[in-house]
>>> print(open('protein_31.cif').read())   # mmCIF, C-alpha atoms
data_entry
#
loop_
_atom_site.label_atom_id
_atom_site.label_comp_id
_atom_site.auth_asym_id
_atom_site.auth_seq_id
_atom_site.Cartn_x
_atom_site.Cartn_y
_atom_site.Cartn_z
CA MET A 1 8.70 10.44 -24.31
CA THR A 2 10.60 9.02 -21.38
CA GLY A 3 9.89 5.80 -19.59
CA GLU A 4 8.60 7.70 -16.57
CA PHE A 5 6.04 9.49 -18.70
CA ALA A 6 4.90 6.27 -20.36
CA ALA A 7 4.50 4.55 -16.98
CA PHE A 8 2.63 7.54 -15.58
CA PHE A 9 0.32 7.62 -18.61
CA ILE A 10 -0.58 3.93 -18.38
CA LEU A 11 -1.02 3.95 -14.60
CA SER A 12 -3.17 7.08 -14.52
CA LEU A 13 -5.27 5.74 -17.39
CA LEU A 14 -5.88 2.52 -15.44
CA THR A 15 -6.64 4.48 -12.27
CA ILE A 16 -9.21 6.78 -13.85
CA GLY A 17 -10.60 4.00 -16.06
CA GLY A 18 -11.19 1.78 -13.03
CA ALA A 19 -12.93 4.59 -11.19
CA VAL A 20 -15.18 5.48 -14.13
CA PHE A 21 -16.08 1.82 -14.73
CA MET A 22 -16.81 1.56 -11.00
CA ILE A 23 -19.38 4.34 -11.33
CA SER A 24 -20.95 2.99 -14.52
CA PHE A 25 -21.31 -0.71 -13.59
CA THR A 26 -24.65 -1.76 -12.14
CA ARG A 27 -23.69 -4.99 -10.31
CA VAL A 28 -21.98 -4.33 -6.99
CA VAL A 29 -19.49 -7.23 -7.29
CA HIS A 30 -18.22 -5.89 -10.62
CA MET A 31 -17.78 -2.49 -8.97
CA VAL A 32 -15.46 -4.00 -6.33
CA ILE A 33 -13.36 -5.80 -8.98
CA SER A 34 -12.91 -2.58 -10.94
CA LEU A 35 -12.02 -0.83 -7.69
CA GLY A 36 -9.20 -3.36 -7.21
CA VAL A 37 -7.70 -2.29 -10.55
CA THR A 38 -7.81 1.34 -9.37
CA PHE A 39 -6.09 0.51 -6.07
CA ILE A 40 -3.26 -1.47 -7.69
CA SER A 41 -2.67 1.31 -10.23
CA ILE A 42 -2.49 3.86 -7.42
CA ALA A 43 0.17 1.67 -5.78
CA GLY A 44 2.08 1.89 -9.07
CA LEU A 45 1.79 5.68 -8.98
CA PHE A 46 3.23 5.66 -5.45
CA VAL A 47 6.21 3.60 -6.61
CA LEU A 48 6.67 6.03 -9.49
CA LEU A 49 6.79 8.88 -6.95
CA GLY A 50 9.59 7.16 -5.04
CA ALA A 51 7.43 5.96 -2.13
CA GLU A 52 7.96 2.22 -2.32
CA PHE A 53 6.92 1.50 1.25
CA VAL A 54 3.61 3.33 0.85
CA GLY A 55 3.06 1.53 -2.45
CA VAL A 56 3.46 -1.89 -0.87
CA ALA A 57 1.24 -0.85 2.04
CA GLN A 58 -1.37 0.27 -0.50
CA VAL A 59 -1.35 -3.16 -2.17
CA LEU A 60 -1.59 -4.94 1.18
CA VAL A 61 -4.20 -2.74 2.86
CA TYR A 62 -6.39 -1.56 0.00
CA SER A 63 -6.34 -4.18 -2.75
CA GLY A 64 -5.82 -6.96 -0.22
CA ALA A 65 -7.83 -6.19 2.88
CA ILE A 66 -10.39 -3.55 2.00
CA SER A 67 -11.54 -5.12 -1.29
CA ILE A 68 -12.03 -8.49 0.43
CA LEU A 69 -13.84 -6.80 3.30
CA MET A 70 -16.14 -5.11 0.79
CA LEU A 71 -16.82 -8.47 -0.87
CA PHE A 72 -17.66 -9.91 2.55
CA GLY A 73 -20.02 -7.01 3.16
CA ILE A 74 -21.76 -7.66 -0.16
CA MET A 75 -22.00 -11.42 0.37
CA LEU A 76 -23.39 -11.03 3.89
CA THR A 77 -26.09 -8.63 2.71
CA LYS A 78 -27.66 -8.87 -0.75
CA HIS A 79 -25.16 -10.83 -2.82
CA ASP A 80 -26.87 -10.19 -6.16
CA ALA A 81 -27.40 -6.54 -5.41
CA GLN A 82 -27.70 -4.06 -8.23
CA ASP A 83 -27.43 -0.32 -8.00
CA GLU A 84 -29.25 1.78 -10.54
CA GLY A 85 -28.64 4.98 -8.61
CA THR A 86 -31.34 7.21 -7.26
CA GLY A 87 -34.41 7.29 -9.43
CA ARG A 88 -34.87 11.02 -9.22
CA LYS A 89 -33.57 12.68 -12.37
CA TRP A 90 -33.46 16.28 -11.15
CA LYS A 91 -31.37 15.34 -8.12
CA ASN A 92 -28.80 13.49 -10.25
CA ARG A 93 -28.53 16.43 -12.63
CA PHE A 94 -28.05 18.86 -9.78
CA ILE A 95 -25.29 16.69 -8.26
CA LEU A 96 -23.59 16.34 -11.66
CA LEU A 97 -23.67 20.12 -12.03
CA PHE A 98 -22.26 20.59 -8.54
CA VAL A 99 -19.41 18.10 -9.07
CA ALA A 100 -18.62 19.61 -12.49
CA GLY A 101 -18.49 23.06 -10.89
CA LEU A 102 -16.14 21.82 -8.18
CA PHE A 103 -13.98 20.14 -10.83
CA GLY A 104 -13.78 23.35 -12.87
CA LEU A 105 -12.88 25.44 -9.84
CA LEU A 106 -10.11 23.09 -8.68
CA PHE A 107 -8.85 22.66 -12.27
CA TRP A 108 -8.55 26.44 -12.58
CA GLY A 109 -6.77 26.59 -9.23
CA ILE A 110 -4.27 23.86 -10.09
CA GLN A 111 -3.46 25.28 -13.53
CA ASN A 112 -2.99 28.84 -12.27
CA THR A 113 -0.85 28.19 -9.21
CA PRO A 114 2.88 28.79 -9.69
CA TRP A 115 4.23 25.47 -8.43
CA PRO A 116 7.84 25.36 -7.25
CA ALA A 117 10.30 23.94 -9.72
CA PRO A 118 10.93 20.23 -9.07
CA PRO A 119 13.98 19.90 -6.86
CA PRO A 120 17.03 18.13 -8.24
CA PRO A 121 16.88 14.42 -7.41
CA VAL A 122 19.05 13.73 -4.41
CA ALA A 123 20.61 10.31 -4.10
CA SER A 124 19.54 9.31 -0.60
CA SER A 125 21.91 7.01 1.23
CA VAL A 126 19.15 5.28 3.24
CA SER A 127 16.29 3.37 1.70
CA ASN A 128 12.74 4.68 1.68
CA ALA A 129 11.49 2.21 4.29
CA LYS A 130 14.36 3.02 6.64
CA GLU A 131 13.72 6.74 6.24
CA ILE A 132 10.04 6.29 7.13
CA GLY A 133 10.93 4.09 10.09
CA LEU A 134 13.38 6.64 11.48
CA GLU A 135 10.80 9.44 11.20
CA VAL A 136 7.91 7.40 12.65
CA PHE A 137 9.84 6.27 15.71
CA THR A 138 11.39 9.65 16.49
CA LYS A 139 9.11 12.49 15.44
CA TYR A 140 5.72 10.76 15.12
CA VAL A 141 5.82 8.31 18.05
CA ILE A 142 2.72 9.61 19.84
CA PRO A 143 0.45 9.66 16.74
CA PHE A 144 1.72 6.19 15.92
CA GLU A 145 0.78 4.83 19.35
CA LEU A 146 -2.60 6.61 19.24
CA LEU A 147 -3.21 4.93 15.89
CA SER A 148 -2.71 1.50 17.46
CA VAL A 149 -5.32 2.39 20.10
CA LEU A 150 -7.68 3.52 17.33
CA LEU A 151 -7.27 0.22 15.52
CA LEU A 152 -8.01 -1.72 18.70
CA VAL A 153 -11.13 0.37 19.36
CA ALA A 154 -12.31 -0.11 15.76
CA LEU A 155 -11.76 -3.89 16.00
CA VAL A 156 -13.75 -4.23 19.23
CA GLY A 157 -16.43 -1.84 17.99
CA ALA A 158 -16.89 -3.69 14.71
CA ILE A 159 -17.24 -7.05 16.48
CA ILE A 160 -19.77 -5.70 18.98
CA MET A 161 -21.74 -3.98 16.22
CA ALA A 162 -21.89 -6.98 13.91
CA LYS A 163 -22.67 -9.47 16.72
CA LYS A 164 -26.21 -10.77 17.00
CA GLU A 165 -28.21 -8.67 19.41
CA GLY A 166 -29.96 -10.16 22.41
CA ASP A 167 -27.55 -13.03 23.19
CA ASN A 168 -25.87 -11.39 26.17
CA GLU A 169 -24.80 -14.35 28.25
CA MET B 1 8.24 15.31 -21.79
CA THR B 2 8.43 14.98 -18.05
CA VAL B 3 5.81 14.38 -15.39
CA SER B 4 5.19 17.46 -13.27
CA ILE B 5 3.23 17.81 -10.05
CA THR B 6 0.27 19.19 -12.02
CA SER B 7 -0.27 15.80 -13.70
CA TYR B 8 -0.47 14.00 -10.37
CA LEU B 9 -2.82 16.64 -8.98
CA MET B 10 -5.07 16.27 -12.02
CA VAL B 11 -5.30 12.49 -11.60
CA ALA B 12 -6.17 12.98 -7.93
CA LEU B 13 -8.75 15.64 -8.81
CA ILE B 14 -10.52 13.39 -11.33
CA LEU B 15 -10.51 10.51 -8.85
CA PHE B 16 -11.93 12.75 -6.12
CA CYS B 17 -14.72 14.07 -8.36
CA VAL B 18 -15.71 10.55 -9.48
CA GLY B 19 -15.79 9.44 -5.85
CA LEU B 20 -17.86 12.44 -4.79
CA TYR B 21 -20.38 11.84 -7.58
CA GLY B 22 -20.67 8.17 -6.62
CA ALA B 23 -21.06 8.92 -2.92
CA LEU B 24 -23.89 11.38 -3.60
CA THR B 25 -25.87 9.46 -6.25
CA LYS B 26 -25.59 5.74 -5.46
CA ARG B 27 -28.23 3.99 -3.37
CA ASN B 28 -26.40 0.88 -2.15
CA ALA B 29 -24.56 1.64 1.08
CA VAL B 30 -21.60 -0.60 0.14
CA VAL B 31 -21.10 1.46 -3.03
CA VAL B 32 -21.23 4.68 -1.01
CA LEU B 33 -18.45 3.30 1.24
CA ILE B 34 -16.41 2.36 -1.86
CA SER B 35 -16.78 5.88 -3.23
CA ILE B 36 -15.55 7.35 0.05
CA GLU B 37 -12.47 5.09 -0.19
CA LEU B 38 -11.86 6.48 -3.68
CA MET B 39 -11.89 10.03 -2.33
CA LEU B 40 -9.45 9.10 0.45
CA ASN B 41 -7.13 7.56 -2.15
CA ALA B 42 -7.15 10.80 -4.14
CA VAL B 43 -5.98 12.62 -1.01
CA ASN B 44 -3.21 10.03 -0.56
CA ILE B 45 -1.94 10.66 -4.10
CA ASN B 46 -1.78 14.39 -3.35
CA LEU B 47 0.17 13.82 -0.12
CA VAL B 48 2.75 11.55 -1.74
CA ALA B 49 3.10 13.88 -4.75
CA PHE B 50 3.81 16.85 -2.49
CA SER B 51 6.29 14.78 -0.49
CA LYS B 52 8.36 14.53 -3.67
CA TYR B 53 7.61 17.70 -5.65
CA GLY B 54 6.70 20.14 -2.86
CA LEU B 55 8.68 23.23 -1.92
CA TYR B 56 10.42 21.31 0.86
CA PRO B 57 10.49 17.62 -0.09
CA ALA B 58 10.21 15.52 3.04
CA VAL B 59 9.13 12.04 4.02
CA ALA B 60 6.35 13.46 6.25
CA GLY B 61 3.83 13.26 3.41
CA GLN B 62 4.35 9.52 3.10
CA ILE B 63 3.89 9.08 6.86
CA PHE B 64 0.63 11.04 6.72
CA THR B 65 -0.45 8.73 3.90
CA LEU B 66 0.17 5.70 6.13
CA PHE B 67 -1.93 7.31 8.89
CA THR B 68 -4.75 8.02 6.42
CA MET B 69 -4.71 4.40 5.27
CA THR B 70 -5.03 3.16 8.84
CA VAL B 71 -7.94 5.45 9.61
CA ALA B 72 -9.62 4.44 6.32
CA ALA B 73 -9.28 0.76 7.19
CA ALA B 74 -10.84 1.34 10.63
CA GLU B 75 -13.64 3.35 9.01
CA VAL B 76 -14.44 0.59 6.51
CA ALA B 77 -14.52 -2.08 9.23
CA VAL B 78 -16.90 -0.12 11.45
CA GLY B 79 -19.01 1.00 8.47
CA LEU B 80 -19.52 -2.55 7.22
CA ALA B 81 -20.36 -3.73 10.75
CA ILE B 82 -23.05 -1.04 11.00
CA LEU B 83 -24.29 -2.09 7.56
CA ILE B 84 -24.60 -5.77 8.57
CA ALA B 85 -26.45 -4.84 11.77
CA LEU B 86 -28.77 -2.65 9.74
CA TYR B 87 -29.39 -5.39 7.17
CA ARG B 88 -30.28 -7.84 9.93
CA ASN B 89 -32.89 -5.47 11.35
CA LYS B 90 -34.24 -3.71 8.27
CA GLU B 91 -33.59 -6.19 5.39
CA THR B 92 -32.27 -3.40 3.18
CA VAL B 93 -28.96 -1.80 2.27
CA ASN B 94 -30.37 1.15 0.32
CA VAL B 95 -29.48 4.42 1.94
CA ASP B 96 -32.75 6.12 0.99
CA GLU B 97 -34.79 3.50 2.83
CA ILE B 98 -32.89 4.05 6.08
CA ASP B 99 -34.88 7.01 7.36
CA GLN B 100 -36.05 6.12 10.86
CA MET B 101 -34.67 9.34 12.32
CA LYS B 102 -36.51 11.44 9.75
CA ARG B 103 -39.96 10.17 10.69
#
>>> encode(input="protein_31.cif", output="structure tokens")
Amino acid sequence: MTGEFAAFFILSLLTIGGAVFMISFTRVVHMVISLGVTFISIAGLFVLLGAEFVGVAQVLVYSGAISILMLFGIMLTKHDAQDEGTGRKWKNRFILLFVAGLFGLLFWGIQNTPWPAPPPPVASSVSNAKEIGLEVFTKYVIPFELLSVLLLVALVGAIIMAKKEGDNE
Amino acid sequence: MTVSITSYLMVALILFCVGLYGALTKRNAVVVLISIELMLNAVNINLVAFSKYGLYPAVAGQIFTLFTMTVAAAEVAVGLAILIALYRNKETVNVDEIDQMKR
């Protein structure tokens, strides 16, 4: 029982627990809070995997921005909304069966694939953030710039979409 | 007892299945968006796990994860804007009452 295993156990338990609570809660605001727990635990898993930069970005983007954006979305629509799921029983059962089948298939696939032995840990001389920066600005420059255009388009599109219609001055 | 890649893949698989179930059964559109975010996060865990435990460990998996996060953030912003416009016109956020194109 190493420290890595203990940390992995606690973080994965929190991740899955948050997701399952998210599904079983009925009030939408509670769902978002439980989703925040899941996001922060996933950031912990990233740090455990040696990806500190991605972990910090996860905390900033997901548990910071996206959870708050979701809360804004709830407050601007029905702020006391409840979700009991679809009323149709046969549809829910069919979906549960489908998801369980998918889970079984992927479980079988993961357990039966001969994964490569974990490579010996190499002591990298540069930090994780520096490594990512070097790769992004040499090999992935064009996708990176395209991503900035995508963000700009999404920003303008979201503002135009959420603006009141009919007040074109 | 060490943590292998299988453990990370199992966590991601459970997260993906919970997200898929939520996206298909919930009625509130905000909850459907949340479930889609959960599925995207499961994919991110897989990418980062393979960037450490894959056959050729490289930092490319972490960069793909950053790209996925950006696209997910853009998707959430546009999705919530559509939702607010819809709520203003239809007074509902339930996905099974938004069926103008079916009629």
>>> residues_around(input="protein_31.cif", residues="segment 11-19 of chain A", least_positions_apart="6", cutoff="7 Å", atoms="all atoms listed in the file", output="number ranges by chain")
A: 34-35, 37-38, 41-42, 44-45; B: 11, 15, 18
>>> write_last_selection(input="protein_31.cif", atoms="C-alpha atoms", output="PDB file, keeping the file's coordinate frame")
ATOM      1  CA  SER A  34     -12.910  -2.580 -10.940  1.00  0.00           C
ATOM      2  CA  LEU A  35     -12.020  -0.830  -7.690  1.00  0.00           C
ATOM      3  CA  VAL A  37      -7.700  -2.290 -10.550  1.00  0.00           C
ATOM      4  CA  THR A  38      -7.810   1.340  -9.370  1.00  0.00           C
ATOM      5  CA  SER A  41      -2.670   1.310 -10.230  1.00  0.00           C
ATOM      6  CA  ILE A  42      -2.490   3.860  -7.420  1.00  0.00           C
ATOM      7  CA  GLY A  44       2.080   1.890  -9.070  1.00  0.00           C
ATOM      8  CA  LEU A  45       1.790   5.680  -8.980  1.00  0.00           C
TER       9      LEU A  45
ATOM     10  CA  VAL B  11      -5.300  12.490 -11.600  1.00  0.00           C
ATOM     11  CA  LEU B  15     -10.510  10.510  -8.850  1.00  0.00           C
ATOM     12  CA  VAL B  18     -15.710  10.550  -9.480  1.00  0.00           C
TER      13      VAL B  18
END
>>> interface_residues(input="protein_31.cif", of="chain A", to="chain B", cutoff="7 Å", atoms="all atoms listed in the file", output="VMD selection string")
chain A and resid 1 to 2 5 12 16 19 to 20 23 46 49 54 66 73 77 83 85 to 86 92 95 to 96 99 103 110 116 118 to 119 132 151 154 157 to 158 161 to 162
>>> atom_distance(input="protein_31.cif", atom1="atom CA of Ala57 of chain A", atom2="atom CA of Ile142 of chain A")
20.7 Å
>>> atom_distance(input="protein_31.cif", atom1="atom CA of Ile74 of chain A", atom2="atom CA of Arg27 of chain A")
10.7 Å
>>> atom_distance(input="protein_31.cif", atom1="atom CA of Phe107 of chain A", atom2="atom CA of Ser24 of chain A")
23.2 Å
>>> residues_near_point(input="protein_31.cif", point="(-8.5, -5.3, -3.8)", cutoff="8 Å", atoms="only C-alpha atoms", output="PyMOL selection string")
chain A and resi 32-33+35-37+39-40+59+62-68
>>> axis_aligned_box(input="protein_31.cif", around="segment 5-13 of chain A", padding_each_side="6 Å", output="AutoDock Vina command-line options")
--center_x 0.4 --center_y 6.7 --center_z -17.4 --size_x 23.3 --size_y 17.6 --size_z 17.8
>>> build_atoms(input="protein_31.cif", residues="segment 1-35 of chain B", atoms="N, CA and C atoms", output="mmCIF file, keeping the file's coordinate frame")
data_model
loop_
_atom_site.group_PDB
_atom_site.id
_atom_site.type_symbol
_atom_site.label_atom_id
_atom_site.label_comp_id
_atom_site.auth_asym_id
_atom_site.auth_seq_id
_atom_site.Cartn_x
_atom_site.Cartn_y
_atom_site.Cartn_z
ATOM 1 N N MET B 1 9.475 15.020 -22.542
ATOM 2 C CA MET B 1 8.240 15.310 -21.790
ATOM 3 C C MET B 1 8.346 14.670 -20.421
ATOM 4 N N THR B 2 8.297 15.497 -19.407
ATOM 5 C CA THR B 2 8.430 14.980 -18.050
ATOM 6 C C THR B 2 7.098 15.088 -17.314
ATOM 7 N N VAL B 3 7.032 14.376 -16.209
ATOM 8 C CA VAL B 3 5.810 14.380 -15.390
ATOM 9 C C VAL B 3 5.985 15.430 -14.313
ATOM 10 N N SER B 4 5.095 16.414 -14.291
ATOM 11 C CA SER B 4 5.190 17.460 -13.270
ATOM 12 C C SER B 4 4.164 17.167 -12.170
ATOM 13 N N ILE B 5 4.182 18.026 -11.158
ATOM 14 C CA ILE B 5 3.230 17.810 -10.050
ATOM 15 C C ILE B 5 1.807 18.035 -10.509
ATOM 16 N N THR B 6 1.631 18.907 -11.537
ATOM 17 C CA THR B 6 0.270 19.190 -12.020
ATOM 18 C C THR B 6 -0.415 17.924 -12.518
ATOM 19 N N SER B 7 0.335 17.032 -13.173
ATOM 20 C CA SER B 7 -0.270 15.800 -13.700
ATOM 21 C C SER B 7 -0.819 14.947 -12.566
ATOM 22 N N TYR B 8 -0.007 14.802 -11.494
ATOM 23 C CA TYR B 8 -0.470 14.000 -10.370
ATOM 24 C C TYR B 8 -1.695 14.635 -9.718
ATOM 25 N N LEU B 9 -1.676 15.966 -9.595
ATOM 26 C CA LEU B 9 -2.820 16.640 -8.980
ATOM 27 C C LEU B 9 -4.060 16.475 -9.825
ATOM 28 N N MET B 10 -3.905 16.446 -11.162
ATOM 29 C CA MET B 10 -5.070 16.270 -12.020
ATOM 30 C C MET B 10 -5.666 14.873 -11.863
ATOM 31 N N VAL B 11 -4.795 13.857 -11.810
ATOM 32 C CA VAL B 11 -5.300 12.490 -11.600
ATOM 33 C C VAL B 11 -6.079 12.413 -10.293
ATOM 34 N N ALA B 12 -5.499 13.013 -9.228
ATOM 35 C CA ALA B 12 -6.170 12.980 -7.930
ATOM 36 C C ALA B 12 -7.485 13.734 -7.984
ATOM 37 N N LEU B 13 -7.518 14.844 -8.726
ATOM 38 C CA LEU B 13 -8.750 15.640 -8.810
ATOM 39 C C LEU B 13 -9.853 14.851 -9.505
ATOM 40 N N ILE B 14 -9.506 14.174 -10.610
ATOM 41 C CA ILE B 14 -10.520 13.390 -11.330
ATOM 42 C C ILE B 14 -11.042 12.270 -10.437
ATOM 43 N N LEU B 15 -10.115 11.608 -9.742
ATOM 44 C CA LEU B 15 -10.510 10.510 -8.850
ATOM 45 C C LEU B 15 -11.443 11.017 -7.755
ATOM 46 N N PHE B 16 -11.113 12.192 -7.200
ATOM 47 C CA PHE B 16 -11.930 12.750 -6.120
ATOM 48 C C PHE B 16 -13.328 13.093 -6.635
ATOM 49 N N CYS B 17 -13.410 13.671 -7.844
ATOM 50 C CA CYS B 17 -14.720 14.070 -8.360
ATOM 51 C C CYS B 17 -15.570 12.839 -8.671
ATOM 52 N N VAL B 18 -14.949 11.787 -9.223
ATOM 53 C CA VAL B 18 -15.710 10.550 -9.480
ATOM 54 C C VAL B 18 -16.220 9.973 -8.174
ATOM 55 N N GLY B 19 -15.373 9.967 -7.144
ATOM 56 C CA GLY B 19 -15.790 9.440 -5.850
ATOM 57 C C GLY B 19 -16.911 10.249 -5.236
ATOM 58 N N LEU B 20 -16.818 11.575 -5.359
ATOM 59 C CA LEU B 20 -17.860 12.440 -4.790
ATOM 60 C C LEU B 20 -19.187 12.200 -5.488
ATOM 61 N N TYR B 21 -19.145 12.086 -6.824
ATOM 62 C CA TYR B 21 -20.380 11.840 -7.580
ATOM 63 C C TYR B 21 -21.000 10.503 -7.159
ATOM 64 N N GLY B 22 -20.157 9.473 -7.023
ATOM 65 C CA GLY B 22 -20.670 8.170 -6.620
ATOM 66 C C GLY B 22 -21.261 8.188 -5.226
ATOM 67 N N ALA B 23 -20.579 8.889 -4.298
ATOM 68 C CA ALA B 23 -21.060 8.920 -2.920
ATOM 69 C C ALA B 23 -22.395 9.639 -2.817
ATOM 70 N N LEU B 24 -22.646 10.612 -3.700
ATOM 71 C CA LEU B 24 -23.890 11.380 -3.600
ATOM 72 C C LEU B 24 -25.040 10.758 -4.375
ATOM 73 N N THR B 25 -24.762 9.933 -5.416
ATOM 74 C CA THR B 25 -25.870 9.460 -6.250
ATOM 75 C C THR B 25 -26.214 7.992 -6.021
ATOM 76 N N LYS B 26 -25.296 7.162 -5.526
ATOM 77 C CA LYS B 26 -25.590 5.740 -5.460
ATOM 78 C C LYS B 26 -26.503 5.433 -4.280
ATOM 79 N N ARG B 27 -27.278 4.341 -4.414
ATOM 80 C CA ARG B 27 -28.230 3.990 -3.370
ATOM 81 C C ARG B 27 -27.681 2.927 -2.427
ATOM 82 N N ASN B 28 -26.899 1.977 -2.977
ATOM 83 C CA ASN B 28 -26.400 0.880 -2.150
ATOM 84 C C ASN B 28 -25.332 1.399 -1.195
ATOM 85 N N ALA B 29 -25.466 1.078 0.086
ATOM 86 C CA ALA B 29 -24.560 1.640 1.080
ATOM 87 C C ALA B 29 -23.131 1.145 0.896
ATOM 88 N N VAL B 30 -22.954 -0.096 0.382
ATOM 89 C CA VAL B 30 -21.600 -0.600 0.140
ATOM 90 C C VAL B 30 -20.914 0.263 -0.931
ATOM 91 N N VAL B 31 -21.675 0.649 -1.958
ATOM 92 C CA VAL B 31 -21.100 1.460 -3.030
ATOM 93 C C VAL B 31 -20.741 2.846 -2.510
ATOM 94 N N VAL B 32 -21.552 3.372 -1.589
ATOM 95 C CA VAL B 32 -21.230 4.680 -1.010
ATOM 96 C C VAL B 32 -19.905 4.584 -0.243
ATOM 97 N N LEU B 33 -19.713 3.483 0.511
ATOM 98 C CA LEU B 33 -18.450 3.300 1.240
ATOM 99 C C LEU B 33 -17.272 3.211 0.256
ATOM 100 N N ILE B 34 -17.462 2.484 -0.853
ATOM 101 C CA ILE B 34 -16.410 2.360 -1.860
ATOM 102 C C ILE B 34 -16.041 3.729 -2.413
ATOM 103 N N SER B 35 -17.047 4.548 -2.673
ATOM 104 C CA SER B 35 -16.780 5.880 -3.230
ATOM 105 C C SER B 35 -15.992 6.735 -2.243
#
